[in-house]
>>> print(open('work38.cif').read())   # mmCIF, C-alpha atoms
data_entry
loop_
_atom_site.label_atom_id
_atom_site.label_comp_id
_atom_site.auth_asym_id
_atom_site.auth_seq_id
_atom_site.Cartn_x
_atom_site.Cartn_y
_atom_site.Cartn_z
CA MET A 857 104.58 107.36 78.77
CA PRO A 858 104.65 105.01 81.76
CA GLY A 859 101.64 102.77 81.96
CA LEU A 860 99.69 101.43 84.85
CA ALA A 861 98.40 98.11 86.05
CA VAL A 862 95.80 98.07 88.79
CA VAL A 863 94.79 95.09 90.86
CA ALA A 864 91.07 95.17 91.52
CA SER A 865 88.53 92.87 93.13
CA LEU A 866 85.37 93.61 91.21
CA GLY A 867 82.35 92.11 92.86
CA GLY A 868 81.54 88.45 92.67
CA THR A 869 83.87 85.72 93.83
CA GLY A 870 84.16 83.89 90.52
CA ARG A 871 85.82 80.54 91.12
CA LEU A 872 87.29 81.52 94.49
CA GLY A 873 84.86 79.43 96.47
CA LYS A 874 85.64 76.38 94.31
CA ARG A 875 89.40 76.78 94.09
CA VAL A 876 91.26 73.79 95.49
CA SER A 877 94.63 73.98 93.71
CA SER A 878 97.51 76.07 95.06
CA SER A 879 98.23 77.21 91.50
CA ILE A 880 96.94 80.62 90.43
CA ARG A 881 95.32 80.12 87.04
CA ALA A 882 95.69 83.34 85.04
CA VAL A 883 94.38 84.68 81.73
CA ILE A 884 96.12 87.53 79.87
CA VAL A 885 93.96 89.84 77.72
CA ASP A 886 95.72 92.38 75.48
CA ASP A 887 95.42 93.23 71.80
CA GLU A 888 99.22 93.72 71.55
CA PRO A 889 101.17 90.44 71.12
CA LEU A 890 104.39 91.88 72.57
CA ALA A 891 102.58 93.04 75.69
CA ARG A 892 101.09 89.57 76.21
CA ARG A 893 104.44 87.90 75.61
CA GLY A 894 106.28 90.23 77.98
CA LEU A 895 103.86 89.65 80.84
CA GLU A 896 103.85 85.90 80.24
CA LEU A 897 107.65 85.80 80.49
CA ARG A 898 107.64 87.73 83.76
CA LEU A 899 105.00 85.45 85.22
CA ARG A 900 107.15 82.40 84.47
CA GLY A 901 109.32 83.51 87.36
CA HIS A 902 106.46 82.70 89.75
CA ALA A 903 106.04 78.94 90.08
CA ASP A 904 102.51 79.12 91.48
CA VAL A 905 101.14 81.15 88.54
CA GLU A 906 99.91 79.28 85.47
CA VAL A 907 98.88 81.21 82.36
CA VAL A 908 96.00 79.07 81.06
CA ALA A 909 94.95 81.30 78.13
CA GLN A 910 95.67 84.51 76.24
CA CYS A 911 93.01 86.65 74.54
CA THR A 912 93.20 89.50 72.06
CA HIS A 913 89.90 91.30 72.73
CA GLY A 914 87.07 91.66 75.20
CA GLU A 915 84.56 89.31 73.61
CA GLU A 916 87.12 86.50 73.54
CA ALA A 917 87.99 87.24 77.19
CA ILE A 918 84.34 86.94 78.28
CA ALA A 919 83.99 83.55 76.61
CA THR A 920 87.34 82.31 77.95
CA VAL A 921 86.58 83.31 81.54
CA SER A 922 83.18 81.64 81.32
CA ALA A 923 84.76 78.43 80.04
CA LEU A 924 87.92 78.23 82.17
CA HIS A 925 86.96 80.05 85.41
CA PRO A 926 90.47 81.45 86.05
CA ASP A 927 91.56 82.84 89.41
CA LEU A 928 93.26 85.92 87.96
CA LEU A 929 92.72 88.11 84.90
CA PHE A 930 95.31 90.51 83.45
CA LEU A 931 93.08 92.86 81.45
CA ASP A 932 94.20 95.64 79.11
CA VAL A 933 92.05 98.77 79.40
CA GLN A 934 92.31 100.13 75.86
CA MET A 935 91.32 97.55 73.26
CA PRO A 936 89.33 97.64 70.03
CA GLY A 937 85.65 96.91 70.58
CA LEU A 938 84.98 96.50 74.30
CA ASP A 939 87.50 98.24 76.54
CA GLY A 940 88.69 96.61 79.75
CA PHE A 941 86.01 98.13 81.98
CA GLN A 942 83.22 97.23 79.55
CA THR A 943 84.59 93.71 79.26
CA LEU A 944 84.49 93.19 83.00
CA GLU A 945 81.04 94.74 83.33
CA ALA A 946 79.76 92.32 80.67
CA MET A 947 80.86 89.30 82.71
CA PRO A 948 78.32 87.75 85.08
CA ALA A 949 79.26 88.59 88.66
CA LYS A 950 79.69 84.90 89.50
CA ASP A 951 82.33 84.52 86.77
CA ARG A 952 84.49 87.56 87.54
CA PRO A 953 87.98 86.57 88.70
CA LEU A 954 90.41 88.76 90.60
CA THR A 955 91.45 91.31 87.98
CA VAL A 956 94.56 93.29 87.16
CA PHE A 957 93.88 96.24 84.86
CA VAL A 958 96.77 97.04 82.52
CA THR A 959 96.99 100.37 80.72
CA ALA A 960 99.48 102.75 79.18
CA PHE A 961 97.63 105.78 80.61
CA ASP A 962 97.69 106.48 84.33
CA HIS A 963 94.55 108.66 84.27
CA PHE A 964 92.58 105.41 84.35
CA ALA A 965 93.83 104.89 87.92
CA VAL A 966 91.00 106.75 89.65
CA ARG A 967 88.33 104.81 87.79
CA ALA A 968 90.13 101.59 88.67
CA PHE A 969 90.30 102.68 92.32
CA GLU A 970 86.53 103.16 92.22
CA ALA A 971 86.40 99.48 91.29
CA CYS A 972 88.02 98.57 94.65
CA ALA A 973 91.63 98.69 93.52
CA LEU A 974 94.13 96.92 95.76
CA ASP A 975 97.34 98.06 94.07
CA TYR A 976 98.78 99.79 91.06
CA LEU A 977 101.94 99.16 89.02
CA LEU A 978 103.73 101.34 86.51
CA LYS A 979 104.23 99.73 83.13
CA PRO A 980 106.61 98.28 82.05
CA VAL A 981 106.24 96.31 85.27
CA GLU A 982 109.38 95.77 87.31
CA ASP A 983 109.93 92.26 88.63
CA GLU A 984 110.07 93.41 92.24
CA ARG A 985 106.74 95.26 92.01
CA LEU A 986 105.11 92.33 90.21
CA THR A 987 106.23 90.11 93.08
CA GLU A 988 104.57 92.48 95.56
CA THR A 989 101.38 92.55 93.51
CA LEU A 990 101.19 88.78 93.27
CA ALA A 991 101.66 88.58 97.04
CA ARG A 992 98.53 90.73 97.40
CA VAL A 993 96.73 88.53 94.88
CA ARG A 994 97.60 85.47 96.99
CA ASP A 995 96.28 87.22 100.08
CA ALA A 996 93.05 88.12 98.29
CA LEU A 997 92.56 84.54 97.10
CA GLY A 998 93.24 83.33 100.62
CA GLU A 999 90.39 85.47 101.90
CA ARG A 1000 87.80 83.33 100.12
CA GLY A 1001 87.14 81.58 103.42
CA VAL A 1002 86.57 84.94 105.07
CA GLU A 1003 84.05 85.88 102.39
CA SER A 1004 82.22 82.62 103.03
CA GLN A 1005 82.05 83.44 106.73
CA ARG A 1006 80.82 86.94 105.86
CA GLU A 1007 77.89 85.48 103.94
CA LYS A 1008 77.03 83.15 106.82
CA LEU A 1009 77.11 86.11 109.22
CA LEU A 1010 74.79 88.08 106.93
CA VAL A 1011 72.27 85.23 106.88
CA LEU A 1012 72.28 85.17 110.68
CA LEU A 1013 71.96 88.95 111.00
CA ARG A 1014 69.06 89.02 108.54
CA GLN A 1015 67.25 86.32 110.48
CA VAL A 1016 67.80 88.02 113.85
CA SER A 1017 66.92 91.52 112.63
CA GLY A 1018 63.98 90.48 110.47
CA LYS A 1019 65.47 92.56 107.61
CA PRO A 1020 65.94 90.30 104.57
CA ASP A 1021 67.80 93.04 102.64
CA LEU A 1022 70.25 93.89 105.45
CA GLN A 1023 73.86 94.37 104.33
CA LEU A 1024 76.93 94.02 106.52
CA GLU A 1025 77.90 97.58 105.55
CA ASP A 1026 74.65 98.78 107.16
CA VAL A 1027 75.59 97.09 110.41
CA LEU A 1028 79.09 98.53 110.38
CA ALA A 1029 77.81 102.00 109.55
CA GLU A 1030 75.85 102.14 112.79
CA ASP A 1031 79.02 102.17 114.84
CA MET A 1032 81.85 102.98 112.43
CA PRO A 1033 82.21 106.15 110.30
CA ASP A 1034 83.95 106.10 106.91
CA ALA A 1035 87.28 107.10 108.44
CA LEU A 1036 88.10 107.30 112.14
CA ARG A 1037 91.24 108.23 114.03
CA GLU A 1038 91.60 106.12 117.14
CA HIS A 1039 94.81 106.81 119.05
CA ASP A 1040 97.54 106.04 116.49
CA ILE A 1041 95.33 104.24 113.96
CA LEU A 1042 93.43 105.56 110.94
CA SER A 1043 90.54 103.23 110.11
CA ILE A 1044 89.43 103.31 106.48
CA ARG A 1045 86.31 101.65 105.12
CA ASP A 1046 87.14 99.49 102.11
CA GLY A 1047 83.88 98.04 100.83
CA GLY A 1048 82.53 95.83 103.59
CA LYS A 1049 85.69 95.77 105.69
CA ILE A 1050 87.69 98.23 107.78
CA VAL A 1051 91.42 98.62 107.08
CA ARG A 1052 93.41 99.86 110.10
CA VAL A 1053 96.45 101.91 109.04
CA PRO A 1054 99.02 102.98 111.66
CA ILE A 1055 99.30 106.78 111.55
CA ASP A 1056 103.10 106.76 111.48
CA HIS A 1057 103.01 104.53 108.36
CA ILE A 1058 101.32 107.28 106.32
CA ARG A 1059 103.72 109.29 104.18
CA TRP A 1060 101.36 111.58 102.32
CA ILE A 1061 97.73 111.96 101.28
CA GLU A 1062 96.56 113.39 97.98
CA ALA A 1063 93.20 114.25 96.50
CA ALA A 1064 92.01 112.42 93.37
CA GLY A 1065 88.62 113.83 92.46
CA ASP A 1066 86.13 112.86 95.18
CA TYR A 1067 88.60 110.35 96.61
CA MET A 1068 91.67 110.48 98.85
CA CYS A 1069 94.75 108.38 98.15
CA VAL A 1070 96.44 107.55 101.46
CA HIS A 1071 100.03 106.52 100.70
CA ALA A 1072 101.35 104.35 103.52
CA ASP A 1073 104.53 102.26 103.78
CA ASP A 1074 103.47 99.34 101.61
CA ASP A 1075 100.06 100.26 100.23
CA THR A 1076 97.91 103.01 98.79
CA HIS A 1077 94.45 103.10 100.36
CA ILE A 1078 91.49 104.81 98.66
CA LEU A 1079 88.57 106.39 100.48
CA ARG A 1080 85.83 108.87 99.67
CA ALA A 1081 86.53 111.99 101.73
CA THR A 1082 87.80 115.56 101.48
CA LEU A 1083 91.19 116.90 102.50
CA LYS A 1084 89.45 119.07 105.08
CA GLN A 1085 87.93 115.97 106.68
CA MET A 1086 91.32 114.28 106.68
CA GLU A 1087 92.96 117.32 108.30
CA GLU A 1088 90.36 117.25 111.06
CA GLN A 1089 91.17 113.60 111.84
CA LEU A 1090 94.97 113.80 111.76
CA ASP A 1091 97.41 115.28 114.29
CA ALA A 1092 98.06 118.84 113.12
CA ARG A 1093 101.53 118.75 114.69
CA ILE A 1094 102.60 115.99 112.29
CA PHE A 1095 100.41 116.27 109.19
CA HIS A 1096 100.50 119.53 107.26
CA ARG A 1097 98.74 120.75 104.14
CA ILE A 1098 101.45 121.70 101.64
CA HIS A 1099 99.31 122.01 98.51
CA ARG A 1100 95.63 122.40 97.75
CA SER A 1101 95.55 118.65 97.05
CA THR A 1102 98.29 117.28 99.35
CA ILE A 1103 98.86 116.58 103.04
CA VAL A 1104 102.29 115.34 104.15
CA ASN A 1105 103.65 113.61 107.26
CA VAL A 1106 106.53 115.97 108.18
CA LYS A 1107 108.31 113.13 109.99
CA ARG A 1108 108.74 111.33 106.67
CA VAL A 1109 110.31 114.35 104.90
CA LYS A 1110 114.06 113.92 104.42
CA SER A 1111 115.05 116.94 102.35
CA LEU A 1112 113.79 120.04 100.54
CA ARG A 1113 114.86 121.56 97.25
CA PRO A 1114 113.70 124.92 95.96
CA HIS A 1115 111.72 125.10 92.74
CA ILE A 1116 110.45 128.09 90.77
CA ASN A 1117 108.31 130.96 92.10
CA GLY A 1118 108.85 130.12 95.74
CA GLU A 1119 107.77 126.49 95.44
CA TYR A 1120 109.66 123.52 96.90
CA PHE A 1121 109.91 119.80 96.31
CA LEU A 1122 109.92 117.67 99.47
CA LYS A 1123 111.75 114.35 99.23
CA LEU A 1124 110.26 111.63 101.43
CA ASP A 1125 112.04 108.68 103.01
CA SER A 1126 110.61 106.47 100.25
CA GLY A 1127 112.30 108.55 97.53
CA HIS A 1128 108.98 110.05 96.34
CA GLU A 1129 108.78 113.81 95.89
CA VAL A 1130 105.77 116.01 96.62
CA LYS A 1131 105.37 119.70 95.87
CA LEU A 1132 104.97 122.44 98.45
CA SER A 1133 103.16 125.27 96.66
CA ARG A 1134 103.85 128.96 97.18
CA SER A 1135 100.54 129.39 99.02
CA TYR A 1136 101.77 127.09 101.80
CA ARG A 1137 105.28 128.50 102.30
CA ASP A 1138 104.46 129.11 105.95
CA LYS A 1139 104.78 125.33 106.44
CA LEU A 1140 108.54 125.53 105.82
CA GLU A 1141 109.17 126.24 109.50
CA PHE A 1142 107.85 122.78 110.36
CA LEU A 1143 110.05 121.12 107.74
CA ARG A 1144 113.47 122.64 108.38
#
>>> encode(input="work38.cif", output="structure tokens")
Amino acid sequence: MPGLAVVASLGGTGRLGKRVSSSIRAVIVDDEPLARRGLELRLRGHADVEVVAQCTHGEEAIATVSALHPDLLFLDVQMPGLDGFQTLEAMPAKDRPLTVFVTAFDHFAVRAFEACALDYLLKPVEDERLTETLARVRDALGERGVESQREKLLVLLRQVSGKPDLQLEDVLAEDMPDALREHDILSIRDGGKIVRVPIDHIRWIEAAGDYMCVHADDDTHILRATLKQMEEQLDARIFHRIHRSTIVNVKRVKSLRPHINGEYFLKLDSGHEVKLSRSYRDKLEFLR
């Protein structure tokens, strides 16, 4: 079964504010020696990544992170004793590095997304996708200055408002809803920031529990919403519901192939396929 690795920024800035070297100091945590070895070998192809330690279980990982303050943690989800999520939760917020969850079971993806996931990778990880992920890691580490400015802004806002518990999210919420369509941009709240996604970059949107996964050209964005809310915000001439859990951008559909019982598979320009269920066969006229 293909596995999954998920890049997540989980509260706290760890050593980010203190980081002065251009090298990304990484720790690998996995109870399987071959898995650790395989990831280490792939990371050797990235000159700015230095594997400073390897751990076999959660307790060892907690102690290692506390001692070494790495920038990046590759953390297996399923391990004896503490699992990956429990391991991270047990770390003091100030010690938590940027974290990549690694698992052989993709149903952990939604829980990882709830932990502010930035990316996901199928395991075994392909070199090209690992390169893309590390690029996002570099971007996230580069935002440490932005986070510092965010804290300074919060101090100022608290002083001006007279509200010592004021959060930046509270300020944003006064003027910015969770998701907003403005001309050709879909704005998505991601923690304390707003991500602006060009509408024509969106290929498809799918429901994952109480969350929506918005699949754009280079990223998958996660937001808490319903498909009905998404339909109301998107151009009905371009975005069509093709399944009880899927909305597709018809401009990104390249071909159709019939399936069983009146269903179809739609092939997108990225090579991904999404299913058009029998209940939505009336949408075929917009796709042909």
>>> residues_around(input="work38.cif", residues="segment 1051-1055 of chain A", least_positions_apart="6", cutoff="9 Å", atoms="all atoms listed in the file", output="PyMOL selection string")
chain A and resi 1037+1039-1045+1072+1077+1090
>>> residues_around(input="work38.cif", residues="Glu916 of chain A", least_positions_apart="5", cutoff="9 Å", atoms="only C-alpha atoms", output="ChimeraX atom specification")
/A:885,911,921
>>> atom_distance(input="work38.cif", atom1="atom CA of Leu986 of chain A", atom2="atom CA of His1128 of chain A")
19.1 Å
>>> resolve_selection(input="work38.cif", expression="the PyMOL selection byres ((chain A and resi 1091) around 12)", output="list in words")
Arg1037, Glu1038, His1039, Asp1040, Ile1041, Leu1042, Ile1055, Asp1056, Ile1058, Met1086, Glu1087, Glu1088, Gln1089, Leu1090, Ala1092, Arg1093, Ile1094, Phe1095, His1096, Arg1097, Ile1103, Val1104, Asn1105, Val1106 and Lys1107 of chain A
>>> residues_around(input="work38.cif", residues="Ser1126 of chain A", least_positions_apart="3", cutoff="10 Å", atoms="all atoms listed in the file", output="list in words")
Arg1059, Asp1073, Arg1108, Val1109, Lys1110, Lys1123 and Glu1129 of chain A
>>> axis_aligned_box(input="work38.cif", around="segment 1062-1076 of chain A", padding_each_side="5 Å", output="AutoDock Vina command-line options")
--center_x 95.3 --center_y 106.8 --center_z 98.1 --size_x 28.4 --size_y 24.9 --size_z 21.3
>>> resolve_selection(input="work38.cif", expression="the PyMOL selection byres ((chain A and resi 887) around 12)", output="PyMOL selection string")
chain A and resi 884-886+888-893+910-917+930-940+958-959
>>> write_last_selection(input="work38.cif", atoms="C-alpha atoms", output="PDB file, keeping the file's coordinate frame")
ATOM      1  CA  ILE A 884      96.120  87.530  79.870  1.00  0.00           C
ATOM      2  CA  VAL A 885      93.960  89.840  77.720  1.00  0.00           C
ATOM      3  CA  ASP A 886      95.720  92.380  75.480  1.00  0.00           C
ATOM      4  CA  GLU A 888      99.220  93.720  71.550  1.00  0.00           C
ATOM      5  CA  PRO A 889     101.170  90.440  71.120  1.00  0.00           C
ATOM      6  CA  LEU A 890     104.390  91.880  72.570  1.00  0.00           C
ATOM      7  CA  ALA A 891     102.580  93.040  75.690  1.00  0.00           C
ATOM      8  CA  ARG A 892     101.090  89.570  76.210  1.00  0.00           C
ATOM      9  CA  ARG A 893     104.440  87.900  75.610  1.00  0.00           C
ATOM     10  CA  GLN A 910      95.670  84.510  76.240  1.00  0.00           C
ATOM     11  CA  CYS A 911      93.010  86.650  74.540  1.00  0.00           C
ATOM     12  CA  THR A 912      93.200  89.500  72.060  1.00  0.00           C
ATOM     13  CA  HIS A 913      89.900  91.300  72.730  1.00  0.00           C
ATOM     14  CA  GLY A 914      87.070  91.660  75.200  1.00  0.00           C
ATOM     15  CA  GLU A 915      84.560  89.310  73.610  1.00  0.00           C
ATOM     16  CA  GLU A 916      87.120  86.500  73.540  1.00  0.00           C
ATOM     17  CA  ALA A 917      87.990  87.240  77.190  1.00  0.00           C
ATOM     18  CA  PHE A 930      95.310  90.510  83.450  1.00  0.00           C
ATOM     19  CA  LEU A 931      93.080  92.860  81.450  1.00  0.00           C
ATOM     20  CA  ASP A 932      94.200  95.640  79.110  1.00  0.00           C
ATOM     21  CA  VAL A 933      92.050  98.770  79.400  1.00  0.00           C
ATOM     22  CA  GLN A 934      92.310 100.130  75.860  1.00  0.00           C
ATOM     23  CA  MET A 935      91.320  97.550  73.260  1.00  0.00           C
ATOM     24  CA  PRO A 936      89.330  97.640  70.030  1.00  0.00           C
ATOM     25  CA  GLY A 937      85.650  96.910  70.580  1.00  0.00           C
ATOM     26  CA  LEU A 938      84.980  96.500  74.300  1.00  0.00           C
ATOM     27  CA  ASP A 939      87.500  98.240  76.540  1.00  0.00           C
ATOM     28  CA  GLY A 940      88.690  96.610  79.750  1.00  0.00           C
ATOM     29  CA  VAL A 958      96.770  97.040  82.520  1.00  0.00           C
ATOM     30  CA  THR A 959      96.990 100.370  80.720  1.00  0.00           C
TER      31      THR A 959
END
>>> atom_distance(input="work38.cif", atom1="atom CA of Tyr1136 of chain A", atom2="atom CA of Pro1114 of chain A")
13.5 Å
>>> atom_distance(input="work38.cif", atom1="atom CA of Ala949 of chain A", atom2="atom CA of Thr1076 of chain A")
25.7 Å
>>> resolve_selection(input="work38.cif", expression="the PyMOL selection byres ((chain A and resi 951) around 7)", output="PyMOL selection string")
chain A and resi 870-871+921-922+925+947-950+952-953
>>> closest_residue(input="work38.cif", among="A:Cys1069, A:Ile1116, A:Leu1079, A:Ile880", to="Val993 of chain A", atoms="all atoms listed in the file")
A:Ile880
